[in-house]
Each structure stands twice: as C-alpha cells, then as structure tokens.
Amino acid sequence: QLQEQLQQQQQQRAAAASSADAKDEQEQQRENSTYENVKDIAEDIPRPAIIQDATREEVEKLYEFHSCIASGGSAAVWRATEIATGKQVAIKVVDKRLLLAPFLNMEVASLVRCAGHANIVQLHAAYDIGPDDFAPEGEWHLVLELAEGGELFERLVEHGAYTEKVASTLIRQVARAVYHMHSVGICHRDIKPENVVLVSKEADSPVKLIDFGAAVLLEEGEHVIAGGKVRVSSPSPLLLSLSASPLSLSLSLSASPHPPPAASRAGHSPPQH
C-alpha cells in the first residue's frame, strides 16, 4: 500500500509539473504575441455609453449647424451652436460607409478617457444617426470643444516660428497631454502640428491636442511597434510609443529672433477634429 501511495504521489507531482509547464508556455506565448492589426483591439471595445442613438432631426433640435470648417478622410467638421446654451461647438460628422464602427468606438473611448484634461480636446456628446435620405448607411456625430484659434500648423505657415520662450511653453503643454494619455493607456499615433490647435486667437493662447482617429487603447504590457502593430510583452510599467514625440514636434517650432505680433492668431480657420 505504501508503494502504491508513493507511486500516486509521484504521478500527481508529474501531472502538476506538466500542467504548470503548459501554463507557463501559454503565458509566455501570450506575453510575446503581436496584434498584426489594431482592428483586433478595436473589435474588443464595446460601444461607449456616451454614444446615444438619435435621428438627424433630434440632433438638429439640439444644435444649429452653420458651416463646414474642415473635411477629409471619413469625416467633415461643422461649426455649430448648442441651442439651449448658445455655446459654440465643433461637430465631427462621420460617414459610416467610410469608417468601421470598432474604430469609431475606440476613438470615442479614447476621448472619454481623456475627459477633463486642459490640453486635450473635450468630447461633449456623441450620436449614432440611423440611415436616412442624406446618409444611406447613417452617420456618427461627435460634439467636440471648438478651438477658435485654428491649427498650430496654419499659424506657423502664416507667421513663421515662435520665439524659444513661447515654443517651450507650448511644447510643455503638449508634453502634459502626452503624459496624461500614456497614464490612461492611450497612444495617439498622429501627433503633428496640424493636430495641435489654439484655444483662442490671443497671442498667449494655450493649445490642445486633437484628432484621436488613429489612437489605440492599450493595457499594461502592451505598446505600439513599427508598422502600427501592438506588441504584448511581459508585465511591466505601461510602455507606449509615439508616431512623433514632443521633441520632434519642437523641431517644427524652431525659435525665431522676433516674437510674433499680438494679433498673429487672427484669421485662422477653426480646428479639424
């Protein structure tokens, strides 16, 4: 009997060791796997609760659309007024024929995660518009904060470089936005002067980071690698990479020996969200 018990214990230990080895191998494979397409991540994101089903007529009772201020890709951005408050907003209208729902969900989820940050554009509301005569497959309407100062890129093209002092202030604000995004698991992937906007036309206007259409939501141990792929590595502090870092962006803001005129931000078109 004693010999049988010893044999059973040995068999149990061997089975446990085999199971542990298999589990370790499975975890190692998962830790070192790579998402070939960010769509694989986007498809796992549920529709954010902020998105409401609505008809076009219902949205137009809430907002008065004025003029299209930017367009491109899958969306157009309209200047609008919130009827109840008189507040000026930007509404990004996305054609469902041109963008898959998982990517829209990931964009909205990224904006929700960044709610409240002073240097990131704020999402006020989002609507899922059903098919109608204007859009056979429907649209999404994202109601965003309107930055009156226009794109940083336009300002640079029209008036030239900032002084070193002003450029350092702006880069600090962009860096704060990037730090916050990384702290909540977001990789923007499209940081460039065109996606940095001025809040107002004042000479000392702060800036905000916009356009989260290429953003990816990551969990701890995931980071973006070449080609837009997402690498899953062993548990470690959250590692995120950028398509353009704040330092590379600062090269576009090279210092000028002469400060820009006080009214240098006037006449810019509203931001593209």
# chains A, B, ... in the order shown; residues from 1 in each chain; ligands from 1
>>> select_by_dssp(residues="region 1-177 of chain A", states="alpha helix (DSSP H)", output="number ranges by chain")
A: 2-31, 39-42, 56-62, 101-113, 152-159, 164-177
>>> residues_around(residues="region 118-128 of chain A", least_positions_apart="2", cutoff="10 Å", atoms="only C-alpha atoms", output="MDAnalysis selection string")
chainID A and resid 48:56 58:59 89:94 96 108 110:112 114:116 130:131 138:147 170 173:178 180:181 196:199 206:212 273
>>> closest_residue(among="A:Gly221, A:Gly185, A:Gly86, A:Gly213", to="Pro102 (chain A)", atoms="only C-alpha atoms")
A:Gly213
>>> closest_residue(among="A:Glu107, A:Asp44, A:Glu64, A:Glu36", to="Arg189 (chain A)", atoms="only C-alpha atoms")
A:Glu107
>>> closest_residue(among="A:Glu164, A:Thr34, A:Ala101, A:Ala84", to="Glu137 (chain A)", atoms="only C-alpha atoms")
A:Ala101
>>> atom_distance(atom1="CA of Arg113 (chain A)", atom2="CA of Leu218 (chain A)")
11.7 Å
